[in-house]
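Undergrad: The following file, my_file32.txt, comprises compact mmCIF, C-alpha atoms (C1' of nucleotides):
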# COMPACT_ATOMS: atom_id res chain seq x y z
CA MET Y 1498 23.64 34.91 177.37
CA VAL Y 1499 25.75 32.04 176.26
CA LYS Y 1500 22.91 29.83 175.14
CA ARG Y 1501 23.00 28.16 171.81
CA THR Y 1502 21.45 30.38 169.18
CA SER Y 1503 17.81 29.72 168.42
CA PHE Y 1504 16.15 30.73 165.18
CA GLU Y 1505 12.65 30.46 166.57
CA GLY Y 1506 10.67 33.50 165.55
CA ASP Y 1507 13.24 34.44 162.94
CA ALA Y 1508 11.66 35.97 159.87
CA CYS Y 1509 13.72 33.83 157.49
CA PRO Y 1510 11.96 30.62 156.51
CA ILE Y 1511 15.25 28.83 156.04
CA ALA Y 1512 16.29 29.64 159.59
CA ARG Y 1513 12.89 28.47 160.74
CA SER Y 1514 13.33 25.07 159.11
CA LEU Y 1515 16.79 24.75 160.54
CA GLU Y 1516 15.32 25.38 163.96
CA ALA Y 1517 13.33 22.17 163.55
CA ILE Y 1518 15.51 19.91 161.44
CA GLY Y 1519 18.85 21.68 161.22
CA ASP Y 1520 20.88 19.40 163.40
CA TRP Y 1521 23.04 16.44 162.59
CA TRP Y 1522 20.58 13.67 163.30
CA SER Y 1523 17.03 14.86 162.67
CA LEU Y 1524 17.09 14.52 158.91
CA LEU Y 1525 18.65 11.09 159.13
CA ILE Y 1526 15.95 9.97 161.53
CA ILE Y 1527 13.34 11.33 159.13
CA ARG Y 1528 15.03 9.56 156.24
CA GLU Y 1529 14.82 6.26 158.09
CA ALA Y 1530 11.21 6.97 159.02
CA LEU Y 1531 10.40 7.57 155.34
CA PHE Y 1532 12.09 4.29 154.63
CA GLY Y 1533 9.73 2.59 157.03
CA LEU Y 1534 11.42 2.49 160.42
CA ARG Y 1535 9.14 3.15 163.36
CA ARG Y 1536 10.56 1.78 166.56
CA PHE Y 1537 13.13 3.28 168.90
CA GLY Y 1538 15.35 0.25 168.63
CA GLU Y 1539 15.18 0.22 164.84
CA PHE Y 1540 16.39 3.80 164.64
CA GLN Y 1541 19.03 3.18 167.23
CA SER Y 1542 20.57 0.16 165.57
CA LYS Y 1543 20.23 1.46 162.01
CA LEU Y 1544 21.74 4.86 162.75
CA GLY Y 1545 24.18 3.66 165.39
CA MET Y 1546 23.63 6.70 167.54
CA ALA Y 1547 23.65 7.01 171.32
CA LYS Y 1548 20.32 6.23 172.90
CA ASN Y 1549 20.16 9.42 174.94
CA ILE Y 1550 20.68 11.52 171.82
CA LEU Y 1551 18.12 9.53 169.90
CA ALA Y 1552 15.59 9.95 172.71
CA ALA Y 1553 16.19 13.70 172.78
CA ARG Y 1554 15.84 14.00 169.00
CA LEU Y 1555 12.68 11.94 168.84
CA ARG Y 1556 11.16 14.07 171.57
CA ALA Y 1557 12.08 17.25 169.70
CA LEU Y 1558 10.70 15.91 166.43
CA VAL Y 1559 7.44 15.01 168.14
CA ASP Y 1560 7.33 18.48 169.73
CA HIS Y 1561 7.79 20.01 166.30
CA GLY Y 1562 4.96 17.97 164.85
CA ILE Y 1563 7.22 16.02 162.51
CA LEU Y 1564 6.75 12.69 164.20
CA GLU Y 1565 3.91 11.41 166.33
CA THR Y 1566 3.75 8.47 168.66
CA ALA Y 1567 1.19 5.74 168.20
CA PRO Y 1568 0.55 2.34 169.75
CA ALA Y 1569 2.72 -0.25 168.08
CA SER Y 1570 1.16 -1.82 165.03
CA ASP Y 1571 2.34 -5.28 166.05
CA GLY Y 1572 -0.10 -5.36 168.97
CA SER Y 1573 2.56 -5.03 171.66
CA ALA Y 1574 2.32 -2.44 174.41
CA TYR Y 1575 5.24 -0.47 172.99
CA SER Y 1576 4.70 2.62 170.90
CA GLU Y 1577 6.15 3.67 167.61
CA TYR Y 1578 7.11 6.88 165.88
CA LEU Y 1579 5.25 7.78 162.71
CA LEU Y 1580 5.78 10.65 160.32
CA THR Y 1581 3.09 13.28 160.22
CA PRO Y 1582 2.22 15.04 156.94
CA LYS Y 1583 4.64 17.75 158.02
CA GLY Y 1584 7.30 15.10 158.44
CA ARG Y 1585 6.56 13.57 155.07
CA GLY Y 1586 6.75 17.09 153.65
CA THR Y 1587 10.49 17.07 154.17
CA PHE Y 1588 10.88 14.68 151.27
CA PRO Y 1589 11.97 17.34 148.77
CA ILE Y 1590 14.60 18.54 151.24
CA LEU Y 1591 16.05 15.04 151.48
CA VAL Y 1592 15.96 14.63 147.73
CA ALA Y 1593 17.69 17.98 147.27
CA LEU Y 1594 20.43 16.98 149.71
CA ARG Y 1595 20.86 13.66 147.94
CA GLN Y 1596 21.05 15.21 144.51
CA TRP Y 1597 23.55 17.78 145.70
CA SER Y 1598 25.84 14.99 146.88
CA GLU Y 1599 25.36 13.12 143.64
CA ALA Y 1600 26.24 16.21 141.63
CA PHE Y 1601 29.10 17.69 143.64
CA ASP Y 1602 30.57 15.13 146.03
CA ASP Y 1603 34.30 14.57 145.61
CA HIS Y 1604 33.85 10.81 145.79
CA PRO Y 1605 30.46 10.06 144.27
CA GLU Y 1606 31.52 6.45 143.73
CA GLU Y 1607 31.15 5.95 147.48
CA ILE Y 1608 27.45 6.73 147.32
CA ALA Y 1609 25.71 3.40 147.66
CA THR Y 1610 22.25 4.04 146.35
CA ILE Y 1611 20.28 5.66 143.57
CA LEU Y 1612 16.80 7.08 144.03
CA VAL Y 1613 14.56 5.57 141.41
CA ASP Y 1614 10.99 5.77 140.28
CA ARG Y 1615 9.47 2.71 141.96
CA GLU Y 1616 7.27 1.81 139.04
CA LYS Y 1617 9.88 1.87 136.29
CA GLY Y 1618 13.03 1.42 138.33
CA ARG Y 1619 14.61 4.38 136.52
CA PRO Y 1620 16.48 7.24 138.23
CA VAL Y 1621 14.35 10.23 139.11
CA ARG Y 1622 14.77 13.63 137.47
CA LYS Y 1623 16.71 16.37 139.16
CA LEU Y 1624 14.63 18.83 141.14
CA GLU Y 1625 14.11 22.03 139.25
CA LEU Y 1626 12.82 25.38 140.32
CA ARG Y 1627 10.34 26.80 137.86
CA ALA Y 1628 8.41 30.00 137.47
CA GLU Y 1629 4.63 30.06 137.39
CA ASP Y 1630 4.83 29.95 133.59
CA GLY Y 1631 7.24 27.03 133.64
CA ARG Y 1632 10.53 28.81 132.97
CA LEU Y 1633 13.53 27.16 134.68
CA LEU Y 1634 14.94 29.45 137.36
CA ALA Y 1635 18.56 29.76 138.48
CA PRO Y 1636 19.40 31.58 141.72
CA ASP Y 1637 19.90 34.86 139.89
CA ASP Y 1638 16.54 34.57 138.19
CA THR Y 1639 14.86 34.87 141.56
CA ALA Y 1640 14.32 37.65 144.08
CA LEU Y 1641 12.90 38.00 147.55
CA LYS Y 1642 9.79 40.06 147.99
CA PRO Y 1643 8.37 41.21 151.33
CA ARG Y 1644 5.28 39.23 152.12
CA ARG Y 1645 2.52 41.80 151.86
CA SER Y 1646 4.11 44.71 150.07
CA SER Y 1647 5.08 44.96 146.45
CA LYS Y 1648 8.46 46.57 147.10
CA MET Y 1649 11.17 44.35 145.68
CA VAL Y 1650 14.26 43.42 147.61
CA GLY Y 1651 16.76 42.71 144.90
CA ARG Y 1652 19.10 39.81 144.82
CA SER Y 1653 22.36 41.43 143.78
CA ARG Y 1654 25.36 40.11 141.89
CA SER Y 1655 26.52 36.71 143.26
CA GLY Y 1656 27.03 35.31 139.74
CA MET X 317 36.14 7.75 171.40
CA VAL X 318 33.86 10.56 172.42
CA LYS X 319 34.39 12.63 169.31
CA ARG X 320 31.46 14.14 167.53
CA THR X 321 30.11 11.77 164.91
CA SER X 322 31.39 12.32 161.40
CA PHE X 323 29.53 11.13 158.32
CA GLU X 324 32.55 11.38 156.07
CA GLY X 325 32.79 8.25 153.98
CA ASP X 326 29.25 7.25 154.81
CA ALA X 327 27.50 5.58 151.94
CA CYS X 328 24.36 7.65 152.34
CA PRO X 329 24.38 10.77 150.19
CA ILE X 330 22.20 12.62 152.66
CA ALA X 331 24.67 12.00 155.45
CA ARG X 332 27.42 13.14 153.12
CA SER X 333 25.71 16.48 152.48
CA LEU X 334 25.08 16.94 156.15
CA GLU X 335 28.77 16.43 156.75
CA ALA X 336 29.43 19.56 154.69
CA ILE X 337 26.42 21.78 155.34
CA GLY X 338 24.50 20.08 158.11
CA ASP X 339 25.22 22.49 160.91
CA TRP X 340 23.32 25.46 162.18
CA TRP X 341 25.16 28.19 160.34
CA SER X 342 26.52 26.90 157.06
CA LEU X 343 23.29 27.08 155.10
CA LEU X 344 22.57 30.56 156.39
CA ILE X 345 26.02 31.71 155.32
CA ILE X 346 25.40 30.19 151.90
CA ARG X 347 22.00 31.86 151.72
CA GLU X 348 23.60 35.23 152.39
CA ALA X 349 26.31 34.49 149.85
CA LEU X 350 23.65 33.71 147.27
CA PHE X 351 22.06 36.98 148.18
CA GLY X 352 25.30 38.75 147.39
CA LEU X 353 27.29 39.03 150.60
CA ARG X 354 31.02 38.44 150.26
CA ARG X 355 32.95 39.96 153.11
CA PHE X 356 33.60 38.61 156.57
CA GLY X 357 32.13 41.70 158.18
CA GLU X 358 29.01 41.55 156.04
CA PHE X 359 28.29 38.01 157.10
CA GLN X 360 29.05 38.80 160.69
CA SER X 361 26.77 41.78 161.00
CA LYS X 362 23.96 40.32 158.87
CA LEU X 363 23.85 37.01 160.68
CA GLY X 364 24.79 38.36 164.09
CA MET X 365 26.96 35.37 164.88
CA ALA X 366 30.14 35.20 166.92
CA LYS X 367 33.23 35.98 164.91
CA ASN X 368 35.11 32.89 165.97
CA ILE X 369 32.25 30.67 164.84
CA LEU X 370 31.96 32.53 161.57
CA ALA X 371 35.67 32.19 160.95
CA ALA X 372 35.51 28.46 161.63
CA ARG X 373 32.50 27.98 159.33
CA LEU X 374 33.99 29.98 156.50
CA ARG X 375 37.17 27.92 156.75
CA ALA X 376 35.15 24.70 156.67
CA LEU X 377 33.08 25.87 153.71
CA VAL X 378 36.23 26.77 151.82
CA ASP X 379 37.73 23.37 152.70
CA HIS X 380 34.63 21.69 151.34
CA GLY X 381 34.84 23.61 148.08
CA ILE X 382 31.62 25.51 148.69
CA LEU X 383 33.22 28.90 149.04
CA GLU X 384 36.50 30.20 147.70
CA THR X 385 38.49 33.24 148.67
CA ALA X 386 39.38 35.88 146.14
CA PRO X 387 40.97 39.32 146.29
CA ALA X 388 38.33 41.88 147.18
CA SER X 389 36.54 43.33 144.20
CA ASP X 390 36.68 46.83 145.65
CA GLY X 391 40.44 47.05 145.14
CA SER X 392 41.35 46.81 148.83
CA ALA X 393 43.87 44.31 150.12
CA TYR X 394 41.18 42.31 151.90
CA SER X 395 39.74 39.16 150.43
CA GLU X 396 36.21 38.03 149.97
CA TYR X 397 34.31 34.77 149.99
CA LEU X 398 32.63 33.70 146.78
CA LEU X 399 30.39 30.74 146.08
CA THR X 400 31.80 28.05 143.85
CA PRO X 401 29.51 26.15 141.46
CA LYS X 402 29.22 23.52 144.21
CA GLY X 403 28.10 26.25 146.56
CA ARG X 404 25.58 27.62 144.10
CA GLY X 405 24.38 24.04 143.65
CA THR X 406 22.84 24.17 147.10
CA PHE X 407 20.12 26.45 145.80
CA PRO X 408 17.48 23.71 145.52
CA ILE X 409 18.20 22.68 149.10
CA LEU X 410 17.57 26.21 150.31
CA VAL X 411 14.41 26.46 148.24
CA ALA X 412 13.19 23.13 149.61
CA LEU X 413 13.79 24.31 153.18
CA ARG X 414 11.98 27.55 152.48
CA GLN X 415 9.00 25.86 150.88
CA TRP X 416 8.76 23.40 153.74
CA SER X 417 8.49 26.30 156.18
CA GLU X 418 5.94 28.01 154.00
CA ALA X 419 3.84 24.87 153.83
CA PHE X 420 4.09 23.54 157.37
CA ASP X 421 5.27 26.24 159.77
CA ASP X 422 2.94 26.87 162.69
CA HIS X 423 3.24 30.62 162.24
CA PRO X 424 3.71 31.23 158.52
CA GLU X 425 2.60 34.84 158.98
CA GLU X 426 5.97 35.48 160.62
CA ILE X 427 7.80 34.61 157.43
CA ALA X 428 8.95 37.90 156.01
CA THR X 429 9.67 37.13 152.39
CA ILE X 430 8.40 35.33 149.32
CA LEU X 431 10.66 33.86 146.67
CA VAL X 432 9.60 35.21 143.32
CA ASP X 433 10.55 34.88 139.72
CA ARG X 434 12.70 37.96 139.19
CA GLU X 435 11.40 38.69 135.75
CA LYS X 436 7.68 38.57 136.49
CA GLY X 437 7.71 39.18 140.22
CA ARG X 438 5.41 36.19 140.71
CA PRO X 439 5.93 33.44 143.34
CA VAL X 440 7.86 30.44 142.12
CA ARG X 441 6.34 26.99 141.76
CA LYS X 442 6.81 24.37 144.40
CA LEU X 443 9.66 21.96 143.80
CA GLU X 444 8.40 18.66 142.47
CA LEU X 445 10.08 15.34 142.11
CA ARG X 446 9.33 13.75 138.78
CA ALA X 447 10.11 10.48 137.08
CA GLU X 448 12.06 10.35 133.85
CA ASP X 449 8.75 10.30 132.00
CA GLY X 450 7.44 13.28 133.92
CA ARG X 451 5.16 11.56 136.43
CA LEU X 452 4.96 13.33 139.78
CA LEU X 453 6.53 11.20 142.52
CA ALA X 454 5.56 11.03 146.19
CA PRO X 455 7.91 9.36 148.70
CA ASP X 456 6.17 6.02 148.29
CA ASP X 457 6.51 6.16 144.54
CA THR X 458 10.26 5.95 144.91
CA ALA X 459 12.73 3.27 145.91
CA LEU X 460 16.44 3.05 146.56
CA LYS X 461 18.51 0.93 144.25
CA PRO X 462 22.12 -0.12 144.87
CA ARG X 463 24.39 1.82 142.60
CA ARG X 464 25.66 -0.83 140.20
CA SER X 465 23.35 -3.76 140.72
CA SER X 466 19.77 -4.14 139.61
CA LYS X 467 18.58 -5.65 142.88
CA MET X 468 15.90 -3.44 144.37
CA VAL X 469 15.85 -2.39 147.96
CA GLY X 470 12.22 -1.68 148.60
CA ARG X 471 10.85 1.27 150.41
CA SER X 472 8.26 -0.24 152.70
CA ARG X 473 5.06 1.10 154.21
CA SER X 474 5.64 4.55 155.82
CA GLY X 475 2.29 6.10 154.89
C1' DC W 1228 3.11 -16.42 189.09
C1' DT W 1229 8.19 -16.29 188.50
C1' DC W 1230 12.26 -15.79 186.09
C1' DC W 1231 14.63 -13.71 182.37
C1' DA W 1232 15.74 -11.65 178.00
C1' DG W 1233 14.44 -7.67 175.23
C1' DT W 1234 12.70 -2.85 174.64
C1' DG W 1235 12.91 1.82 175.60
C1' DG W 1236 14.47 4.68 177.77
C1' DT W 1237 17.30 7.95 181.86
C1' DT W 1238 21.56 9.08 184.41
C1' DT W 1239 26.27 9.99 184.78
C1' DC W 1240 30.36 11.67 183.34
C1' DA W 1241 34.03 13.02 180.02
C1' DT W 1242 34.89 15.50 175.85
C1' DA W 1243 33.76 18.63 172.07
C1' DA W 1244 31.29 22.62 170.11
C1' DT W 1245 29.35 27.10 170.80
C1' DG W 1246 29.27 31.86 172.02
C1' DA W 1247 30.61 36.38 174.22
C1' DA W 1248 34.15 39.26 174.94
C1' DA W 1249 38.75 40.63 175.00
C1' DC W 1250 42.70 40.89 172.34
C1' DT W 1251 45.66 41.37 168.05
C1' DA W 1252 47.54 42.43 163.74
C1' DA W 1253 47.23 44.02 159.44
C1' DG W 1254 44.95 47.70 156.18
C1' DT W 1255 43.23 52.22 155.50
C1' DT W 1256 42.31 57.10 156.41
C1' DG W 1257 43.41 61.64 157.81
C1' DC L 1495 52.25 58.27 162.08
C1' DA L 1496 47.84 58.27 164.91
C1' DA L 1497 43.25 56.60 164.83
C1' DC L 1498 39.96 53.69 163.06
C1' DT L 1499 38.31 49.59 160.44
C1' DT L 1500 38.60 44.83 159.06
C1' DA L 1501 39.40 40.30 159.92
C1' DG L 1502 40.38 37.54 162.44
C1' DT L 1503 42.50 34.58 167.14
C1' DT L 1504 42.43 33.62 172.12
C1' DT L 1505 40.30 32.80 176.38
C1' DC L 1506 36.94 31.17 179.13
C1' DA L 1507 32.22 29.83 180.55
C1' DT L 1508 28.29 27.22 179.11
C1' DT L 1509 25.87 23.85 176.41
C1' DA L 1510 25.57 19.71 173.48
C1' DT L 1511 27.20 15.27 172.33
C1' DG L 1512 28.39 10.56 173.10
C1' DA L 1513 29.60 6.15 175.56
C1' DA L 1514 28.42 3.37 179.05
C1' DA L 1515 26.04 2.12 183.02
C1' DC L 1516 21.77 1.78 184.97
C1' DC L 1517 16.70 0.99 185.35
C1' DA L 1518 11.70 0.15 184.62
C1' DC L 1519 8.46 -2.15 182.07
C1' DT L 1520 7.06 -5.94 178.56
C1' DG L 1521 6.46 -10.37 176.89
C1' DG L 1522 7.28 -15.02 176.74
C1' DA L 1523 8.76 -19.73 178.84
C1' DG L 1524 7.84 -22.70 182.22
Hey, can you dump this file as structure tokens for me?

TA:
Amino acid sequence: MVKRTSFEGDACPIARSLEAIGDWWSLLIIREALFGLRRFGEFQSKLGMAKNILAARLRALVDHGILETAPASDGSAYSEYLLTPKGRGTFPILVALRQWSEAFDDHPEEIATILVDREKGRPVRKLELRAEDGRLLAPDDTALKPRRSSKMVGRSRSG
Amino acid sequence: MVKRTSFEGDACPIARSLEAIGDWWSLLIIREALFGLRRFGEFQSKLGMAKNILAARLRALVDHGILETAPASDGSAYSEYLLTPKGRGTFPILVALRQWSEAFDDHPEEIATILVDREKGRPVRKLELRAEDGRLLAPDDTALKPRRSSKMVGRSRSG
DNA sequence: CTCCAGTGGTTTCATAATGAAACTAAGTTG
DNA sequence: CAACTTAGTTTCATTATGAAACCACTGGAG
């Protein structure tokens, strides 16, 4: 086989997400959808991508249950693309990507926008991973455990 | 031009991250590196990917400052690939992807592992976006503000 | 109802990326 | 130094991407 690798059915949850949203455009489409865009033409002109690619991506996102089509809210016969709860659930992923750029990009001054708390207009906090008891967790403070057994699979060195 | 789209220099921080890690393999390589893998052969056999693709990705990740090469720690003349702080900074992105799968995947029973707090062996908390004052923020509770102005760019409807 | 611009695509074709396999060149082992 | 391992590169077939042309349906003007 020479087909492009698929991660469908892979046991790794990260691979499974990438299967759905791990391409160049999907997350940007979702970002625009979170921002309020709904119509094919809006996505196309805002993202500046080829229409065939956009059509393919929208179809895939609908197939994955991330977007759904609905009759246009303006009363016209066209339809629009709305985020499902699953689609809206990608928000932390987008925030994590944004904050990674803000923290590590070589030219952060080129970043045009800041994500703020709508009510106060103040920048949001950085995402933090915490234990059940609230302790802040770095990568090395975590481990991967098989789902239904108690045998630990250790995370090794990787300082 | 028919070249593949590049997001380099794009003002959107999400596009900028995708430029570096937005392809099928990069995040999986980083995940394995976080788990402790260092050597070309380790990545290749663990991920099962073509060697030419792996070589290209590793080179790109090094170019982006996510990995760095170092003399092998086992004393041999080979070198190994280590995460930089920028590389380790992707941890929240990986956690967000994982948690999204856990929450929304159609077949969560196929997910093999749980991310736990190493010390207690208990599952970690879900990532949460919070305001400066600690309020939990949903997508609609946020807005995007231009970097150096105070003019607000509203997030509109979008459920 | 007819014409015509706008919307939302599909088709076509050239180029780029991916992947499998063969090949290569050091490093390492006996 | 012969054989094997490691870490790639090269080659070639297939797939994905992207630009542009094309097309069907919508919605409004007259």

Undergrad: Mind running segment 1502-1609 of chain Y against segment 1503-1522 of chain L at 9 Å and telling me each contacting residue's nearest atom pair with the distance in Å (one decimal), counting only C-alpha atoms (C1' of nucleotides), chain and number ascending, as a Markdown table?

TA:
| residue | atom | partner | partner_atom | distance |
| --- | --- | --- | --- | --- |
| Y:Met1546 | CA | L:DG1512 | C1' | 8.3 |
| Y:Ala1547 | CA | L:DG1512 | C1' | 6.2 |
| Y:Asn1549 | CA | L:DG1512 | C1' | 8.5 |
| Y:Ile1550 | CA | L:DT1511 | C1' | 7.5 |
| Y:Ser1573 | CA | L:DT1520 | C1' | 8.3 |
| Y:Ala1574 | CA | L:DT1520 | C1' | 7.2 |
| Y:Tyr1575 | CA | L:DT1520 | C1' | 8.0 |

Undergrad: All Cα atoms, paired in order, least squares: that's the fit I need for chain Y onto chain X, output as a CSV table (one decimal) with C-alpha atoms, in the frame of the given file.

TA:
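Output file result24.csv is given in full below:
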chain,number,residue,atom,x,y,z
Y,1498,MET,CA,36.0,7.7,171.3
Y,1499,VAL,CA,33.8,10.5,172.4
Y,1500,LYS,CA,34.3,12.6,169.3
Y,1501,ARG,CA,31.4,14.1,167.5
Y,1502,THR,CA,30.1,11.8,164.9
Y,1503,SER,CA,31.3,12.3,161.4
Y,1504,PHE,CA,29.5,11.1,158.3
Y,1505,GLU,CA,32.5,11.4,156.1
Y,1506,GLY,CA,32.8,8.3,154.0
Y,1507,ASP,CA,29.2,7.3,154.8
Y,1508,ALA,CA,27.5,5.6,151.9
Y,1509,CYS,CA,24.3,7.7,152.3
Y,1510,PRO,CA,24.4,10.8,150.2
Y,1511,ILE,CA,22.2,12.6,152.6
Y,1512,ALA,CA,24.7,12.0,155.4
Y,1513,ARG,CA,27.4,13.1,153.1
Y,1514,SER,CA,25.7,16.5,152.5
Y,1515,LEU,CA,25.1,16.9,156.2
Y,1516,GLU,CA,28.8,16.4,156.7
Y,1517,ALA,CA,29.4,19.5,154.7
Y,1518,ILE,CA,26.4,21.8,155.3
Y,1519,GLY,CA,24.5,20.1,158.1
Y,1520,ASP,CA,25.2,22.5,160.9
Y,1521,TRP,CA,23.3,25.5,162.2
Y,1522,TRP,CA,25.2,28.2,160.4
Y,1523,SER,CA,26.5,26.9,157.1
Y,1524,LEU,CA,23.3,27.1,155.1
Y,1525,LEU,CA,22.6,30.6,156.4
Y,1526,ILE,CA,26.0,31.7,155.3
Y,1527,ILE,CA,25.4,30.2,151.9
Y,1528,ARG,CA,22.0,31.9,151.7
Y,1529,GLU,CA,23.6,35.2,152.4
Y,1530,ALA,CA,26.3,34.5,149.9
Y,1531,LEU,CA,23.7,33.7,147.3
Y,1532,PHE,CA,22.1,37.0,148.2
Y,1533,GLY,CA,25.3,38.7,147.4
Y,1534,LEU,CA,27.3,39.0,150.6
Y,1535,ARG,CA,31.0,38.4,150.2
Y,1536,ARG,CA,32.9,40.0,153.1
Y,1537,PHE,CA,33.6,38.6,156.6
Y,1538,GLY,CA,32.1,41.7,158.2
Y,1539,GLU,CA,29.0,41.6,156.0
Y,1540,PHE,CA,28.3,38.0,157.1
Y,1541,GLN,CA,29.1,38.8,160.7
Y,1542,SER,CA,26.8,41.8,161.0
Y,1543,LYS,CA,24.0,40.3,158.9
Y,1544,LEU,CA,23.9,37.0,160.7
Y,1545,GLY,CA,24.8,38.4,164.1
Y,1546,MET,CA,27.0,35.4,164.9
Y,1547,ALA,CA,30.2,35.3,166.9
Y,1548,LYS,CA,33.3,36.0,164.9
Y,1549,ASN,CA,35.1,32.9,166.0
Y,1550,ILE,CA,32.3,30.7,164.9
Y,1551,LEU,CA,32.0,32.6,161.6
Y,1552,ALA,CA,35.7,32.2,160.9
Y,1553,ALA,CA,35.5,28.5,161.6
Y,1554,ARG,CA,32.5,28.0,159.4
Y,1555,LEU,CA,34.0,30.0,156.5
Y,1556,ARG,CA,37.2,27.9,156.8
Y,1557,ALA,CA,35.2,24.7,156.7
Y,1558,LEU,CA,33.1,25.9,153.7
Y,1559,VAL,CA,36.3,26.8,151.8
Y,1560,ASP,CA,37.7,23.4,152.7
Y,1561,HIS,CA,34.6,21.7,151.4
Y,1562,GLY,CA,34.8,23.6,148.1
Y,1563,ILE,CA,31.6,25.5,148.7
Y,1564,LEU,CA,33.2,28.9,149.1
Y,1565,GLU,CA,36.5,30.2,147.7
Y,1566,THR,CA,38.5,33.2,148.7
Y,1567,ALA,CA,39.4,35.9,146.2
Y,1568,PRO,CA,41.0,39.3,146.3
Y,1569,ALA,CA,38.3,41.9,147.1
Y,1570,SER,CA,36.5,43.3,144.1
Y,1571,ASP,CA,36.7,46.8,145.5
Y,1572,GLY,CA,40.5,47.0,145.0
Y,1573,SER,CA,41.4,46.8,148.7
Y,1574,ALA,CA,43.9,44.3,150.1
Y,1575,TYR,CA,41.2,42.4,151.9
Y,1576,SER,CA,39.8,39.2,150.4
Y,1577,GLU,CA,36.2,38.0,150.0
Y,1578,TYR,CA,34.3,34.8,150.0
Y,1579,LEU,CA,32.6,33.7,146.8
Y,1580,LEU,CA,30.4,30.7,146.1
Y,1581,THR,CA,31.8,28.0,143.9
Y,1582,PRO,CA,29.5,26.1,141.5
Y,1583,LYS,CA,29.2,23.5,144.2
Y,1584,GLY,CA,28.1,26.3,146.6
Y,1585,ARG,CA,25.6,27.6,144.1
Y,1586,GLY,CA,24.4,24.0,143.7
Y,1587,THR,CA,22.8,24.2,147.1
Y,1588,PHE,CA,20.1,26.4,145.8
Y,1589,PRO,CA,17.5,23.7,145.5
Y,1590,ILE,CA,18.2,22.7,149.1
Y,1591,LEU,CA,17.6,26.2,150.3
Y,1592,VAL,CA,14.4,26.5,148.3
Y,1593,ALA,CA,13.2,23.1,149.6
Y,1594,LEU,CA,13.8,24.3,153.2
Y,1595,ARG,CA,12.0,27.6,152.5
Y,1596,GLN,CA,9.0,25.9,150.9
Y,1597,TRP,CA,8.8,23.4,153.7
Y,1598,SER,CA,8.5,26.3,156.2
Y,1599,GLU,CA,5.9,28.0,154.0
Y,1600,ALA,CA,3.8,24.9,153.8
Y,1601,PHE,CA,4.1,23.5,157.4
Y,1602,ASP,CA,5.3,26.2,159.8
Y,1603,ASP,CA,2.9,26.9,162.7
Y,1604,HIS,CA,3.2,30.6,162.2
Y,1605,PRO,CA,3.7,31.2,158.5
Y,1606,GLU,CA,2.6,34.8,159.0
Y,1607,GLU,CA,6.0,35.5,160.6
Y,1608,ILE,CA,7.8,34.6,157.4
Y,1609,ALA,CA,8.9,37.9,156.0
Y,1610,THR,CA,9.7,37.1,152.4
Y,1611,ILE,CA,8.4,35.4,149.3
Y,1612,LEU,CA,10.7,33.9,146.7
Y,1613,VAL,CA,9.6,35.2,143.3
Y,1614,ASP,CA,10.5,34.9,139.7
Y,1615,ARG,CA,12.7,38.0,139.2
Y,1616,GLU,CA,11.4,38.7,135.7
Y,1617,LYS,CA,7.6,38.6,136.5
Y,1618,GLY,CA,7.7,39.2,140.2
Y,1619,ARG,CA,5.4,36.2,140.7
Y,1620,PRO,CA,5.9,33.5,143.4
Y,1621,VAL,CA,7.9,30.5,142.1
Y,1622,ARG,CA,6.3,27.0,141.8
Y,1623,LYS,CA,6.8,24.4,144.4
Y,1624,LEU,CA,9.6,22.0,143.8
Y,1625,GLU,CA,8.4,18.7,142.5
Y,1626,LEU,CA,10.1,15.3,142.1
Y,1627,ARG,CA,9.3,13.8,138.8
Y,1628,ALA,CA,10.1,10.5,137.1
Y,1629,GLU,CA,12.0,10.3,133.8
Y,1630,ASP,CA,8.7,10.3,132.0
Y,1631,GLY,CA,7.4,13.3,133.9
Y,1632,ARG,CA,5.1,11.5,136.5
Y,1633,LEU,CA,4.9,13.3,139.8
Y,1634,LEU,CA,6.5,11.2,142.5
Y,1635,ALA,CA,5.6,11.0,146.2
Y,1636,PRO,CA,7.9,9.4,148.7
Y,1637,ASP,CA,6.2,6.0,148.3
Y,1638,ASP,CA,6.5,6.2,144.6
Y,1639,THR,CA,10.3,6.0,144.9
Y,1640,ALA,CA,12.7,3.3,145.9
Y,1641,LEU,CA,16.4,3.0,146.6
Y,1642,LYS,CA,18.5,0.9,144.2
Y,1643,PRO,CA,22.1,-0.1,144.9
Y,1644,ARG,CA,24.4,1.8,142.6
Y,1645,ARG,CA,25.7,-0.8,140.2
Y,1646,SER,CA,23.4,-3.8,140.7
Y,1647,SER,CA,19.8,-4.1,139.6
Y,1648,LYS,CA,18.6,-5.6,142.9
Y,1649,MET,CA,15.9,-3.4,144.4
Y,1650,VAL,CA,15.9,-2.3,148.0
Y,1651,GLY,CA,12.3,-1.7,148.6
Y,1652,ARG,CA,10.9,1.3,150.4
Y,1653,SER,CA,8.3,-0.3,152.7
Y,1654,ARG,CA,5.1,1.0,154.2
Y,1655,SER,CA,5.6,4.5,155.8
Y,1656,GLY,CA,2.3,5.7,154.3

Undergrad: Separation of atom CA of Arg1622 of chain Y and atom CA of Leu445 of chain X, in Å?

TA: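 Atom-to-atom, atom CA of Arg1622 of chain Y to atom CA of Leu445 of chain X, that is 6.8 Å.
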
Undergrad: Compile the contact shell of segment 1631-1648 of chain Y as an NGL selection string: residues with an atom at most 10 Å away, counting all atoms listed in the file, same-chain residues fewer than 2 positions apart removed.

TA: (:Y and (1625-1629 or 1650-1656)) or (:X and (350-351 or 404-408 or 411 or 425-441))

Undergrad: Around the point (5.9, 16.2, 164.2), in the coordinates given by the file, pick out the residues reaching within 10 Å, counting all atoms listed in the file, and return them as a PyMOL selection string.

TA: chain Y and resi 1517+1555-1566+1578-1585
